[in-house]
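In what follows, a single structure is set out as structure tokens and then discussed.
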Amino acid sequence: MRNLIFDDFDGMSKWVACYMAYKIKKAEPTAENPYVLGLPTGSSPLGVYRELVKLYKEGKVTFKNVVTFNMDEYVGLPEDHPQSYHYFMQDKLFGHVDIPKENINIPNGNAKDLQQECWEYEQKIKKAGGIDLFLGGIGEDGHIAFNEPGSSLSSRTRVKTLTYDTRVNNARFFDGKVEKVPKIALTVGVGTVMDANQVIILVSGIKKARALRKMIEEGVNHMWTSSMLQLHPHGIVVCDEEATMELKVGTVKYFKDIEREALAKLPEV
Ligand code: GLP
């Protein structure tokens, strides 16, 4: 696992956006052989999406042959609800770039048969040839997508009940009212994320410091589902200084030293 430590949120966002644009361009995707991205919502990817839109507007990247799969969606929120992940993605990324509508996949939290929807989502990923790069964030309890503590580390897309913790954290998006946060969501599994060729996890701010420590310094554990990244052959954790607050000095020094070159310049687009 790599760990890139940037001074701040802007620095990490810029680097990740350039890296993603670089990977898309390098793959020379076509309609028959598209580049497949896994994407998150939340505040962690906001900077990356802002930078990707900028790169697109500067003509440095196109999403014409990019297919996307979002990580999760609340159950029961209308797609045009400002807090639905459908709305979020349109508002923050899809509405500003040239991705064809039919290339966008987000679990349907209003499907009649939710289990069937989850099964079909996995099939769609397979049909697209698997995910090339999965971008994610983590919750304060270390969850990845909505794989709450105790989720099977080999789980696939499924219906998941959210913990009270997660609902309290996400209440900030629902007028601060925890009772307004849906209790159930559809989420890709930890196994679904781990199947991607590459996984990048964004960790920003002091609130995530404990989760970052659990993810990279302690053992693989189903109570901190993002720790599964330790078993991925191409996992990159991208964080800011604040998030490293609970890491050992030696860990921070080690990663800063071995990543000196990567940190010094942006990937070329
Ligand atoms: C939600 C999402 C996760 C996200 C997490 C953290 O629970 N399902 O995918 O990583 O929130 O959100 P934020 O980035 O806003 O801290």
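Identifiers for the structure tokens are assigned positionally: chains receive A, B, ... in sequence, residues are indexed from 1 per chain, and ligands are indexed from 1 in the order shown.
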
Would you tabulate, counting only C-alpha atoms, all residues of stretch 59-140 of chain A that have an atom at most 7 Å from an atom of stretch 34-51 of chain A, showing the closest pair of atoms and their distance in Å to one decimal, sorted by chain then ascending number, as a tab-separated table?
residue	atom	partner	partner_atom	distance
A:Asn65	CA	A:Pro34	CA	5.0
A:Val66	CA	A:Tyr35	CA	4.8
A:Val67	CA	A:Val36	CA	4.8
A:Thr68	CA	A:Leu37	CA	4.7
A:Phe69	CA	A:Gly38	CA	4.8
A:Asn70	CA	A:Leu39	CA	4.7
A:Met71	CA	A:Pro40	CA	5.5
A:Tyr85	CA	A:Thr41	CA	6.6
A:Lys92	CA	A:Tyr49	CA	6.4
A:Leu93	CA	A:Tyr49	CA	5.7
A:Ile131	CA	A:Val36	CA	5.0
A:Asp132	CA	A:Val36	CA	5.2
A:Leu133	CA	A:Leu37	CA	5.1
A:Phe134	CA	A:Gly38	CA	4.1
A:Leu135	CA	A:Leu39	CA	5.2
A:Gly136	CA	A:Pro40	CA	5.2
A:Gly137	CA	A:Ser44	CA	5.9

Next, write the just-selected residues to a file, as a tab-separated table (two decimals), in the first residue's frame, keeping all heavy atoms as the atom set.
chain	number	residue	atom	x	y	z
A	65	ASN	N	-15.34	8.23	-23.34
A	65	ASN	CA	-15.23	6.78	-23.28
A	65	ASN	C	-14.90	6.29	-21.86
A	65	ASN	O	-14.13	5.35	-21.67
A	65	ASN	CB	-14.18	6.29	-24.28
A	65	ASN	CG	-14.64	6.55	-25.70
A	65	ASN	OD1	-15.80	6.28	-26.05
A	65	ASN	ND2	-13.77	7.12	-26.53
A	66	VAL	N	-15.50	6.97	-20.92
A	66	VAL	CA	-15.34	6.55	-19.52
A	66	VAL	C	-16.70	6.04	-19.04
A	66	VAL	O	-17.73	6.62	-19.33
A	66	VAL	CB	-14.88	7.75	-18.64
A	66	VAL	CG1	-14.93	7.40	-17.17
A	66	VAL	CG2	-13.47	8.19	-19.05
A	67	VAL	N	-16.66	4.90	-18.35
A	67	VAL	CA	-17.87	4.34	-17.74
A	67	VAL	C	-17.68	4.45	-16.23
A	67	VAL	O	-16.57	4.22	-15.73
A	67	VAL	CB	-18.04	2.86	-18.16
A	67	VAL	CG1	-19.09	2.15	-17.31
A	67	VAL	CG2	-18.43	2.77	-19.63
A	68	THR	N	-18.72	4.83	-15.52
A	68	THR	CA	-18.58	4.98	-14.07
A	68	THR	C	-19.57	4.11	-13.30
A	68	THR	O	-20.69	3.87	-13.75
A	68	THR	CB	-18.81	6.45	-13.63
A	68	THR	OG1	-20.14	6.83	-13.98
A	68	THR	CG2	-17.82	7.38	-14.27
A	69	PHE	N	-19.12	3.67	-12.14
A	69	PHE	CA	-19.99	2.94	-11.20
A	69	PHE	C	-19.85	3.63	-9.85
A	69	PHE	O	-18.75	3.70	-9.30
A	69	PHE	CB	-19.54	1.48	-11.07
A	69	PHE	CG	-19.90	0.66	-12.27
A	69	PHE	CD1	-19.02	0.54	-13.33
A	69	PHE	CD2	-21.14	0.04	-12.35
A	69	PHE	CE1	-19.36	-0.19	-14.46
A	69	PHE	CE2	-21.49	-0.70	-13.47
A	69	PHE	CZ	-20.60	-0.82	-14.52
A	70	ASN	N	-20.95	4.15	-9.35
A	70	ASN	CA	-20.88	4.75	-8.01
A	70	ASN	C	-20.92	3.68	-6.94
A	70	ASN	O	-21.44	2.59	-7.14
A	70	ASN	CB	-21.98	5.78	-7.83
A	70	ASN	CG	-21.46	7.17	-8.05
A	70	ASN	OD1	-21.34	7.58	-9.20
A	70	ASN	ND2	-21.08	7.86	-6.99
A	71	MET	N	-20.37	4.04	-5.80
A	71	MET	CA	-20.25	3.09	-4.70
A	71	MET	C	-21.56	2.73	-4.03
A	71	MET	O	-21.76	1.62	-3.58
A	71	MET	CB	-19.40	3.71	-3.59
A	71	MET	CG	-17.98	3.87	-3.90
A	71	MET	SD	-17.11	4.38	-2.42
A	71	MET	CE	-15.69	3.32	-2.51
A	85	TYR	N	-27.43	10.45	-3.92
A	85	TYR	CA	-26.12	10.40	-4.56
A	85	TYR	C	-26.25	10.58	-6.07
A	85	TYR	O	-25.30	11.00	-6.74
A	85	TYR	CB	-25.39	9.10	-4.18
A	85	TYR	CG	-24.97	9.08	-2.71
A	85	TYR	CD1	-24.48	7.92	-2.12
A	85	TYR	CD2	-25.04	10.22	-1.92
A	85	TYR	CE1	-24.08	7.90	-0.78
A	85	TYR	CE2	-24.65	10.22	-0.59
A	85	TYR	CZ	-24.17	9.05	-0.02
A	85	TYR	OH	-23.78	9.05	1.30
A	92	LYS	N	-21.98	17.69	-8.97
A	92	LYS	CA	-20.55	17.91	-8.73
A	92	LYS	C	-19.66	17.48	-9.89
A	92	LYS	O	-18.55	17.98	-10.04
A	92	LYS	CB	-20.09	17.15	-7.47
A	92	LYS	CG	-20.90	17.44	-6.24
A	92	LYS	CD	-20.76	18.88	-5.81
A	92	LYS	CE	-21.54	19.17	-4.54
A	92	LYS	NZ	-22.07	20.52	-4.49
A	93	LEU	N	-20.12	16.50	-10.69
A	93	LEU	CA	-19.22	16.04	-11.75
A	93	LEU	C	-19.92	15.83	-13.10
A	93	LEU	O	-19.61	16.51	-14.08
A	93	LEU	CB	-18.53	14.72	-11.31
A	93	LEU	CG	-17.56	14.14	-12.33
A	93	LEU	CD1	-16.34	15.04	-12.52
A	93	LEU	CD2	-17.08	12.74	-11.90
A	131	ILE	N	-13.58	-2.92	-12.86
A	131	ILE	CA	-13.26	-1.50	-12.61
A	131	ILE	C	-11.75	-1.27	-12.67
A	131	ILE	O	-10.98	-2.00	-12.06
A	131	ILE	CB	-13.87	-1.06	-11.26
A	131	ILE	CG1	-15.40	-1.04	-11.42
A	131	ILE	CG2	-13.33	0.29	-10.80
A	131	ILE	CD1	-16.19	-0.80	-10.18
A	132	ASP	N	-11.34	-0.28	-13.46
A	132	ASP	CA	-9.91	0.01	-13.59
A	132	ASP	C	-9.40	0.73	-12.36
A	132	ASP	O	-8.36	0.37	-11.82
A	132	ASP	CB	-9.67	0.88	-14.83
A	132	ASP	CG	-9.92	0.11	-16.12
A	132	ASP	OD1	-9.26	-0.92	-16.32
A	132	ASP	OD2	-10.80	0.52	-16.89
A	133	LEU	N	-10.15	1.73	-11.94
A	133	LEU	CA	-9.69	2.52	-10.79
A	133	LEU	C	-10.89	2.86	-9.91
A	133	LEU	O	-11.86	3.44	-10.39
A	133	LEU	CB	-9.02	3.80	-11.28
A	133	LEU	CG	-8.19	4.62	-10.29
A	133	LEU	CD1	-7.33	5.61	-11.05
A	133	LEU	CD2	-9.00	5.36	-9.27
A	134	PHE	N	-10.82	2.45	-8.67
A	134	PHE	CA	-11.90	2.76	-7.72
A	134	PHE	C	-11.41	3.86	-6.80
A	134	PHE	O	-10.40	3.70	-6.12
A	134	PHE	CB	-12.27	1.52	-6.90
A	134	PHE	CG	-13.75	1.37	-6.71
A	134	PHE	CD1	-14.39	0.17	-6.99
A	134	PHE	CD2	-14.51	2.44	-6.26
A	134	PHE	CE1	-15.76	0.03	-6.84
A	134	PHE	CE2	-15.89	2.30	-6.11
A	134	PHE	CZ	-16.52	1.10	-6.40
A	135	LEU	N	-12.11	4.99	-6.80
A	135	LEU	CA	-11.80	6.08	-5.89
A	135	LEU	C	-12.77	5.98	-4.72
A	135	LEU	O	-13.94	5.66	-4.92
A	135	LEU	CB	-12.00	7.42	-6.62
A	135	LEU	CG	-11.73	8.68	-5.82
A	135	LEU	CD1	-10.24	8.83	-5.52
A	135	LEU	CD2	-12.22	9.93	-6.59
A	136	GLY	N	-12.28	6.21	-3.51
A	136	GLY	CA	-13.19	6.13	-2.35
A	136	GLY	C	-12.79	7.09	-1.26
A	136	GLY	O	-11.71	7.69	-1.29
A	137	GLY	N	-13.68	7.24	-0.30
A	137	GLY	CA	-13.37	7.97	0.91
A	137	GLY	C	-13.55	6.98	2.05
A	137	GLY	O	-13.82	5.80	1.81

Per residue of chain A within 9 Å of ligand 1, record the nearest atom pair and its distance in Å to one decimal, counting only C-alpha atoms and all ligand atoms, with rows in chain order and ascending residue number, as a tab-separated table.
residue	atom	partner	partner_atom_place_in_ligand_line	distance
A:Leu39	CA	ligand 1	9 (O)	8.6
A:Pro40	CA	ligand 1	9 (O)	5.2
A:Thr41	CA	ligand 1	9 (O)	5.7
A:Gly42	CA	ligand 1	15 (O)	3.6
A:Ser43	CA	ligand 1	15 (O)	3.7
A:Ser44	CA	ligand 1	14 (O)	3.6
A:Pro45	CA	ligand 1	14 (O)	6.6
A:Leu46	CA	ligand 1	14 (O)	8.2
A:Met71	CA	ligand 1	9 (O)	6.7
A:Asp72	CA	ligand 1	8 (N)	6.2
A:Glu73	CA	ligand 1	8 (N)	7.6
A:Tyr74	CA	ligand 1	8 (N)	8.7
A:Gly136	CA	ligand 1	10 (O)	6.0
A:Gly137	CA	ligand 1	10 (O)	3.5
A:Ile138	CA	ligand 1	10 (O)	3.7
A:Gly139	CA	ligand 1	6 (C)	4.1
A:Glu140	CA	ligand 1	6 (C)	7.1
A:Gly142	CA	ligand 1	10 (O)	8.6
A:His143	CA	ligand 1	10 (O)	7.0
A:Ile144	CA	ligand 1	9 (O)	5.7
A:Ala145	CA	ligand 1	9 (O)	3.7
A:Phe146	CA	ligand 1	8 (N)	4.6
A:Asn147	CA	ligand 1	8 (N)	8.0
A:Glu148	CA	ligand 1	7 (O)	8.6
A:Leu162	CA	ligand 1	7 (O)	8.5
A:Thr166	CA	ligand 1	7 (O)	6.1
A:Arg167	CA	ligand 1	7 (O)	8.2
A:Asn169	CA	ligand 1	11 (O)	8.0
A:Asn170	CA	ligand 1	11 (O)	7.0
A:Ala185	CA	ligand 1	8 (N)	8.6
A:Thr187	CA	ligand 1	8 (N)	7.8
A:Ile201	CA	ligand 1	10 (O)	8.6
A:Leu202	CA	ligand 1	14 (O)	8.0
A:Val203	CA	ligand 1	14 (O)	7.8
A:Ser204	CA	ligand 1	16 (O)	7.8
A:Gly205	CA	ligand 1	16 (O)	8.8
A:Lys207	CA	ligand 1	16 (O)	8.5
A:Lys208	CA	ligand 1	16 (O)	7.9

Could those selected residues go to a file with N, CA, C and O atoms, as a compact mmCIF listing (two decimals), in the first residue's frame?
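Below you can see again-v7.txt, which holds the result:
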# COMPACT_ATOMS: atom_id res chain seq x y z
N LEU A 39 -16.66 5.37 -8.28
CA LEU A 39 -16.66 6.72 -7.72
C LEU A 39 -17.45 6.84 -6.41
O LEU A 39 -18.47 6.18 -6.23
N PRO A 40 -16.97 7.73 -5.54
CA PRO A 40 -17.66 7.95 -4.26
C PRO A 40 -18.42 9.28 -4.23
O PRO A 40 -18.27 10.12 -5.12
N THR A 41 -19.17 9.47 -3.16
CA THR A 41 -19.76 10.77 -2.87
C THR A 41 -19.15 11.26 -1.55
O THR A 41 -18.15 10.72 -1.12
N GLY A 42 -19.78 12.24 -0.92
CA GLY A 42 -19.26 12.75 0.35
C GLY A 42 -18.40 13.98 0.13
O GLY A 42 -18.23 14.43 -1.01
N SER A 43 -17.84 14.50 1.21
CA SER A 43 -17.04 15.71 1.06
C SER A 43 -15.62 15.40 0.61
O SER A 43 -14.97 16.24 -0.03
N SER A 44 -15.14 14.18 0.88
CA SER A 44 -13.75 13.86 0.52
C SER A 44 -13.44 14.02 -0.97
O SER A 44 -12.38 14.53 -1.31
N PRO A 45 -14.32 13.60 -1.90
CA PRO A 45 -13.97 13.73 -3.31
C PRO A 45 -14.31 15.09 -3.93
O PRO A 45 -14.07 15.29 -5.12
N LEU A 46 -14.86 16.02 -3.15
CA LEU A 46 -15.30 17.29 -3.75
C LEU A 46 -14.18 18.03 -4.49
O LEU A 46 -14.39 18.54 -5.59
N MET A 71 -20.37 4.04 -5.80
CA MET A 71 -20.25 3.09 -4.70
C MET A 71 -21.56 2.73 -4.03
O MET A 71 -21.76 1.62 -3.58
N ASP A 72 -22.41 3.74 -3.88
CA ASP A 72 -23.57 3.50 -3.02
C ASP A 72 -24.70 4.49 -3.28
O ASP A 72 -24.52 5.47 -4.03
N GLU A 73 -25.81 4.24 -2.67
CA GLU A 73 -26.96 5.15 -2.74
C GLU A 73 -27.89 4.83 -1.58
O GLU A 73 -28.01 3.68 -1.16
N TYR A 74 -28.52 5.87 -1.06
CA TYR A 74 -29.52 5.67 0.00
C TYR A 74 -30.74 4.96 -0.58
O TYR A 74 -31.06 5.13 -1.75
N GLY A 136 -12.28 6.21 -3.51
CA GLY A 136 -13.19 6.13 -2.35
C GLY A 136 -12.79 7.09 -1.26
O GLY A 136 -11.71 7.69 -1.29
N GLY A 137 -13.68 7.24 -0.30
CA GLY A 137 -13.37 7.97 0.91
C GLY A 137 -13.55 6.98 2.05
O GLY A 137 -13.82 5.80 1.81
N ILE A 138 -13.41 7.44 3.29
CA ILE A 138 -13.75 6.56 4.41
C ILE A 138 -14.55 7.33 5.44
O ILE A 138 -14.44 8.55 5.55
N GLY A 139 -15.35 6.60 6.18
CA GLY A 139 -16.10 7.22 7.27
C GLY A 139 -15.22 7.31 8.50
O GLY A 139 -14.12 6.74 8.54
N GLU A 140 -15.70 8.02 9.52
CA GLU A 140 -14.91 8.14 10.75
C GLU A 140 -14.72 6.79 11.42
O GLU A 140 -13.79 6.58 12.19
N GLY A 142 -14.09 4.20 9.78
CA GLY A 142 -13.25 3.42 8.86
C GLY A 142 -14.02 2.70 7.76
O GLY A 142 -13.43 1.92 7.01
N HIS A 143 -15.31 2.98 7.63
CA HIS A 143 -16.05 2.26 6.59
C HIS A 143 -15.69 2.74 5.19
O HIS A 143 -15.35 3.90 4.98
N ILE A 144 -15.79 1.82 4.26
CA ILE A 144 -15.55 2.15 2.86
C ILE A 144 -16.86 1.90 2.13
O ILE A 144 -17.53 0.91 2.41
N ALA A 145 -17.27 2.85 1.26
CA ALA A 145 -18.63 2.88 0.70
C ALA A 145 -19.57 2.87 1.91
O ALA A 145 -19.37 3.65 2.84
N PHE A 146 -20.54 1.97 2.00
CA PHE A 146 -21.34 1.88 3.22
C PHE A 146 -21.09 0.53 3.90
O PHE A 146 -21.99 -0.05 4.51
N ASN A 147 -19.86 0.05 3.79
CA ASN A 147 -19.51 -1.20 4.45
C ASN A 147 -19.14 -0.90 5.90
O ASN A 147 -17.99 -0.66 6.24
N GLU A 148 -20.18 -0.91 6.70
CA GLU A 148 -20.06 -0.54 8.10
C GLU A 148 -19.25 -1.58 8.88
O GLU A 148 -19.04 -2.69 8.38
N LEU A 162 -27.46 1.22 7.99
CA LEU A 162 -26.42 2.15 8.42
C LEU A 162 -26.33 2.21 9.94
O LEU A 162 -27.34 2.10 10.63
N THR A 166 -22.85 6.60 11.59
CA THR A 166 -22.83 7.10 10.22
C THR A 166 -23.99 8.06 9.99
O THR A 166 -23.84 9.10 9.35
N ARG A 167 -25.14 7.71 10.56
CA ARG A 167 -26.30 8.58 10.36
C ARG A 167 -26.10 9.92 11.07
O ARG A 167 -26.46 10.97 10.55
N ASN A 169 -23.19 11.31 11.59
CA ASN A 169 -22.21 12.04 10.77
C ASN A 169 -22.83 12.65 9.53
O ASN A 169 -22.48 13.74 9.10
N ASN A 170 -23.75 11.92 8.92
CA ASN A 170 -24.34 12.41 7.67
C ASN A 170 -25.54 13.33 7.90
O ASN A 170 -26.06 13.89 6.95
N ALA A 185 -29.15 1.58 2.92
CA ALA A 185 -28.50 2.00 1.67
C ALA A 185 -28.14 0.77 0.84
O ALA A 185 -28.08 -0.34 1.36
N THR A 187 -25.00 -0.67 -1.29
CA THR A 187 -23.56 -0.38 -1.36
C THR A 187 -22.81 -1.50 -2.07
O THR A 187 -23.18 -2.67 -1.93
N ILE A 201 -7.82 5.77 -1.96
CA ILE A 201 -8.68 6.20 -0.86
C ILE A 201 -8.25 7.58 -0.37
O ILE A 201 -7.07 7.80 -0.07
N LEU A 202 -9.22 8.50 -0.31
CA LEU A 202 -8.96 9.87 0.14
C LEU A 202 -9.28 10.00 1.63
O LEU A 202 -10.36 9.58 2.06
N VAL A 203 -8.34 10.56 2.37
CA VAL A 203 -8.57 10.74 3.82
C VAL A 203 -8.15 12.15 4.20
O VAL A 203 -6.97 12.49 4.10
N SER A 204 -9.09 12.95 4.63
CA SER A 204 -8.77 14.34 4.93
C SER A 204 -9.33 14.77 6.29
O SER A 204 -10.46 14.45 6.64
N GLY A 205 -8.52 15.48 7.02
CA GLY A 205 -8.98 16.12 8.25
C GLY A 205 -8.76 15.28 9.50
O GLY A 205 -8.66 14.06 9.47
N LYS A 207 -10.71 14.54 11.85
CA LYS A 207 -11.78 13.62 12.23
C LYS A 207 -11.54 12.20 11.70
O LYS A 207 -12.13 11.24 12.18
N LYS A 208 -10.69 12.11 10.68
CA LYS A 208 -10.42 10.79 10.09
C LYS A 208 -9.11 10.19 10.60
O LYS A 208 -8.68 9.14 10.14

Quiz item: Could you pull the residues within 8 Å of stretch 226-234 of chain A, counting only C-alpha atoms, minus those fewer than 3 positions along the same chain, as a ChimeraX atom specification?
Solution: /A:1-2,138,142-144,153,190,194,197-199,214-216,218-222

Would you mind exporting the chosen residues as a short mmCIF file (atom, residue, chain, number, x, y, z; two decimals), in the first residue's frame, restricted to all heavy atoms?
data_model
loop_
_atom_site.label_atom_id
_atom_site.label_comp_id
_atom_site.auth_asym_id
_atom_site.auth_seq_id
_atom_site.Cartn_x
_atom_site.Cartn_y
_atom_site.Cartn_z
N MET A 1 0.84 -1.20 0.00
CA MET A 1 0.00 0.00 0.00
C MET A 1 0.88 1.25 0.00
O MET A 1 1.86 1.31 0.73
CB MET A 1 -0.86 -0.01 1.27
CG MET A 1 -1.70 1.22 1.47
SD MET A 1 -2.26 1.37 3.17
CE MET A 1 -3.58 0.20 3.22
N ARG A 2 0.53 2.22 -0.85
CA ARG A 2 1.26 3.48 -0.82
C ARG A 2 0.49 4.48 0.04
O ARG A 2 -0.72 4.36 0.16
CB ARG A 2 1.41 4.04 -2.24
CG ARG A 2 2.21 3.18 -3.17
CD ARG A 2 2.20 3.76 -4.57
NE ARG A 2 2.88 5.06 -4.65
CZ ARG A 2 2.85 5.84 -5.73
NH1 ARG A 2 2.18 5.47 -6.81
NH2 ARG A 2 3.49 7.00 -5.75
N ILE A 138 -13.41 7.44 3.29
CA ILE A 138 -13.75 6.56 4.41
C ILE A 138 -14.55 7.33 5.44
O ILE A 138 -14.44 8.55 5.55
CB ILE A 138 -12.51 5.92 5.10
CG1 ILE A 138 -11.53 7.00 5.59
CG2 ILE A 138 -11.83 4.92 4.20
CD1 ILE A 138 -10.43 6.44 6.51
N GLY A 142 -14.09 4.20 9.78
CA GLY A 142 -13.25 3.42 8.86
C GLY A 142 -14.02 2.70 7.76
O GLY A 142 -13.43 1.92 7.01
N HIS A 143 -15.31 2.98 7.63
CA HIS A 143 -16.05 2.26 6.59
C HIS A 143 -15.69 2.74 5.19
O HIS A 143 -15.35 3.90 4.98
CB HIS A 143 -17.58 2.30 6.82
CG HIS A 143 -18.23 3.62 6.60
ND1 HIS A 143 -19.08 4.19 7.52
CD2 HIS A 143 -18.20 4.48 5.55
CE1 HIS A 143 -19.54 5.34 7.04
NE2 HIS A 143 -19.01 5.54 5.84
N ILE A 144 -15.79 1.82 4.26
CA ILE A 144 -15.55 2.15 2.86
C ILE A 144 -16.86 1.90 2.13
O ILE A 144 -17.53 0.91 2.41
CB ILE A 144 -14.37 1.31 2.30
CG1 ILE A 144 -14.04 1.70 0.88
CG2 ILE A 144 -14.59 -0.17 2.40
CD1 ILE A 144 -12.70 1.17 0.42
N LEU A 153 -15.42 -8.90 4.68
CA LEU A 153 -14.38 -8.31 3.85
C LEU A 153 -14.40 -8.86 2.43
O LEU A 153 -13.65 -8.42 1.57
CB LEU A 153 -13.01 -8.51 4.50
CG LEU A 153 -12.84 -7.80 5.86
CD1 LEU A 153 -11.47 -8.06 6.46
CD2 LEU A 153 -13.07 -6.29 5.72
N VAL A 190 -17.03 -4.77 0.07
CA VAL A 190 -15.57 -4.59 0.19
C VAL A 190 -14.90 -5.39 -0.93
O VAL A 190 -13.96 -4.92 -1.58
CB VAL A 190 -15.06 -5.07 1.57
CG1 VAL A 190 -13.57 -4.83 1.70
CG2 VAL A 190 -15.80 -4.36 2.69
N MET A 194 -12.28 -4.25 -3.85
CA MET A 194 -10.96 -4.89 -3.92
C MET A 194 -10.69 -5.55 -5.28
O MET A 194 -9.55 -5.78 -5.64
CB MET A 194 -10.80 -5.92 -2.79
CG MET A 194 -10.74 -5.30 -1.43
SD MET A 194 -9.43 -4.06 -1.28
CE MET A 194 -10.27 -2.79 -0.35
N ASN A 197 -8.67 -2.89 -10.40
CA ASN A 197 -7.23 -2.98 -10.66
C ASN A 197 -6.44 -2.07 -9.73
O ASN A 197 -5.32 -2.36 -9.36
CB ASN A 197 -6.91 -2.57 -12.10
CG ASN A 197 -7.42 -3.61 -13.07
OD1 ASN A 197 -7.57 -4.78 -12.72
ND2 ASN A 197 -7.71 -3.19 -14.29
N GLN A 198 -7.06 -0.96 -9.41
CA GLN A 198 -6.38 0.00 -8.54
C GLN A 198 -7.40 0.68 -7.64
O GLN A 198 -8.53 0.92 -8.07
CB GLN A 198 -5.70 1.04 -9.42
CG GLN A 198 -4.68 1.83 -8.68
CD GLN A 198 -3.78 2.64 -9.59
OE1 GLN A 198 -4.11 2.91 -10.72
NE2 GLN A 198 -2.65 3.05 -9.06
N VAL A 199 -7.00 0.98 -6.41
CA VAL A 199 -7.92 1.65 -5.48
C VAL A 199 -7.21 2.85 -4.86
O VAL A 199 -6.07 2.74 -4.39
CB VAL A 199 -8.37 0.69 -4.34
CG1 VAL A 199 -9.36 1.40 -3.41
CG2 VAL A 199 -9.00 -0.58 -4.89
N LYS A 214 -6.07 3.11 11.97
CA LYS A 214 -6.58 1.73 11.94
C LYS A 214 -6.39 1.11 10.55
O LYS A 214 -6.15 -0.07 10.41
CB LYS A 214 -8.07 1.72 12.30
CG LYS A 214 -8.35 2.12 13.72
CD LYS A 214 -8.09 0.96 14.66
CE LYS A 214 -8.44 1.32 16.10
NZ LYS A 214 -8.12 0.22 17.02
N MET A 215 -6.52 1.95 9.53
CA MET A 215 -6.45 1.43 8.17
C MET A 215 -5.03 1.04 7.78
O MET A 215 -4.82 0.03 7.13
CB MET A 215 -6.98 2.48 7.18
CG MET A 215 -6.86 2.04 5.74
SD MET A 215 -7.80 3.01 4.56
CE MET A 215 -7.26 4.62 4.84
N ILE A 216 -4.05 1.88 8.18
CA ILE A 216 -2.72 1.58 7.66
C ILE A 216 -1.71 1.05 8.67
O ILE A 216 -0.76 0.40 8.30
CB ILE A 216 -2.12 2.75 6.85
CG1 ILE A 216 -1.69 3.91 7.74
CG2 ILE A 216 -3.09 3.27 5.81
CD1 ILE A 216 -1.00 5.00 6.92
N GLU A 218 -2.64 -0.74 11.65
CA GLU A 218 -3.04 -1.93 12.41
C GLU A 218 -3.43 -3.04 11.44
O GLU A 218 -3.31 -2.89 10.23
CB GLU A 218 -4.16 -1.55 13.38
CG GLU A 218 -3.63 -0.52 14.39
CD GLU A 218 -4.56 -0.25 15.55
OE1 GLU A 218 -5.52 -1.00 15.76
OE2 GLU A 218 -4.30 0.74 16.25
N GLY A 219 -3.90 -4.15 11.99
CA GLY A 219 -4.16 -5.32 11.15
C GLY A 219 -5.42 -5.21 10.30
O GLY A 219 -6.26 -4.34 10.53
N VAL A 220 -5.55 -6.10 9.34
CA VAL A 220 -6.77 -6.17 8.53
C VAL A 220 -7.88 -6.67 9.45
O VAL A 220 -7.73 -7.69 10.11
CB VAL A 220 -6.58 -7.13 7.34
CG1 VAL A 220 -7.88 -7.29 6.57
CG2 VAL A 220 -5.46 -6.64 6.44
N ASN A 221 -8.99 -5.92 9.50
CA ASN A 221 -10.01 -6.24 10.48
C ASN A 221 -11.38 -5.80 9.97
O ASN A 221 -11.53 -4.67 9.49
CB ASN A 221 -9.66 -5.46 11.77
CG ASN A 221 -10.53 -5.85 12.93
OD1 ASN A 221 -11.75 -5.89 12.83
ND2 ASN A 221 -9.89 -6.15 14.04
N HIS A 222 -12.37 -6.67 10.12
CA HIS A 222 -13.69 -6.33 9.59
C HIS A 222 -14.37 -5.18 10.34
O HIS A 222 -15.37 -4.64 9.87
CB HIS A 222 -14.60 -7.56 9.54
CG HIS A 222 -15.01 -8.07 10.88
ND1 HIS A 222 -16.06 -8.91 11.07
CD2 HIS A 222 -14.50 -7.84 12.12
CE1 HIS A 222 -16.19 -9.17 12.36
NE2 HIS A 222 -15.25 -8.56 13.00
#

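Candidate residues A:Val237, A:Met20, A:Leu212, A:Val188 were compared for distance to A:Pro267, and the nearest is A:Met20, using only C-alpha atoms.
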
Quiz item: Could you pull out the alpha helix (DSSP H) residues of stretch 21-218 of chain A from DSSP and send them as a PyMOL selection string?
Solution: chain A and resi 21-27+46-57+85-92+114-127+164-170+190-194+209-216

Can you tell me which residues surround stretch 117-119 of chain A at a distance of at most 9 Å, considering only C-alpha atoms, apart from same-chain residues fewer than 4 positions away, and format the answer as a PDB file with C-alpha atoms, in the first residue's frame?
ATOM      1  CA  PRO A 107     -27.328   1.803  -7.629  1.00  0.00           C
ATOM      2  CA  ASN A 108     -31.055   2.436  -7.768  1.00  0.00           C
ATOM      3  CA  GLY A 109     -32.210   2.900  -4.186  1.00  0.00           C
ATOM      4  CA  ALA A 111     -35.763  -0.349  -7.190  1.00  0.00           C
ATOM      5  CA  LYS A 112     -38.747  -2.593  -6.486  1.00  0.00           C
ATOM      6  CA  ASP A 113     -36.509  -5.537  -5.755  1.00  0.00           C
ATOM      7  CA  GLN A 123     -23.249  -8.176 -13.341  1.00  0.00           C
ATOM      8  CA  LYS A 124     -23.011  -4.752 -14.990  1.00  0.00           C
ATOM      9  CA  ARG A 156     -20.509  -7.863  -2.767  1.00  0.00           C
ATOM     10  CA  THR A 157     -23.111  -5.233  -3.649  1.00  0.00           C
ATOM     11  CA  ARG A 158     -26.012  -5.523  -1.230  1.00  0.00           C
ATOM     12  CA  VAL A 159     -28.508  -3.811   1.053  1.00  0.00           C
ATOM     13  CA  LEU A 186     -27.310  -0.032  -1.285  1.00  0.00           C
ATOM     14  CA  THR A 187     -23.560  -0.375  -1.364  1.00  0.00           C
ATOM     15  CA  VAL A 188     -20.884  -2.145  -3.312  1.00  0.00           C
TER      16      VAL A 188
END

Quiz prompt | Residues of stretch 45-155 of chain A in strand (DSSP E or B), written as a VMD selection string | solution = chain A and resid 66 to 70 72 to 74 104 to 105 133 to 137 144 147

Quiz item: Which residue, A:Ile125, A:Gly150, A:Glu241, A:Thr251, has the smallest gap to A:Val193 when you use only C-alpha atoms?
Solution: A:Ile125
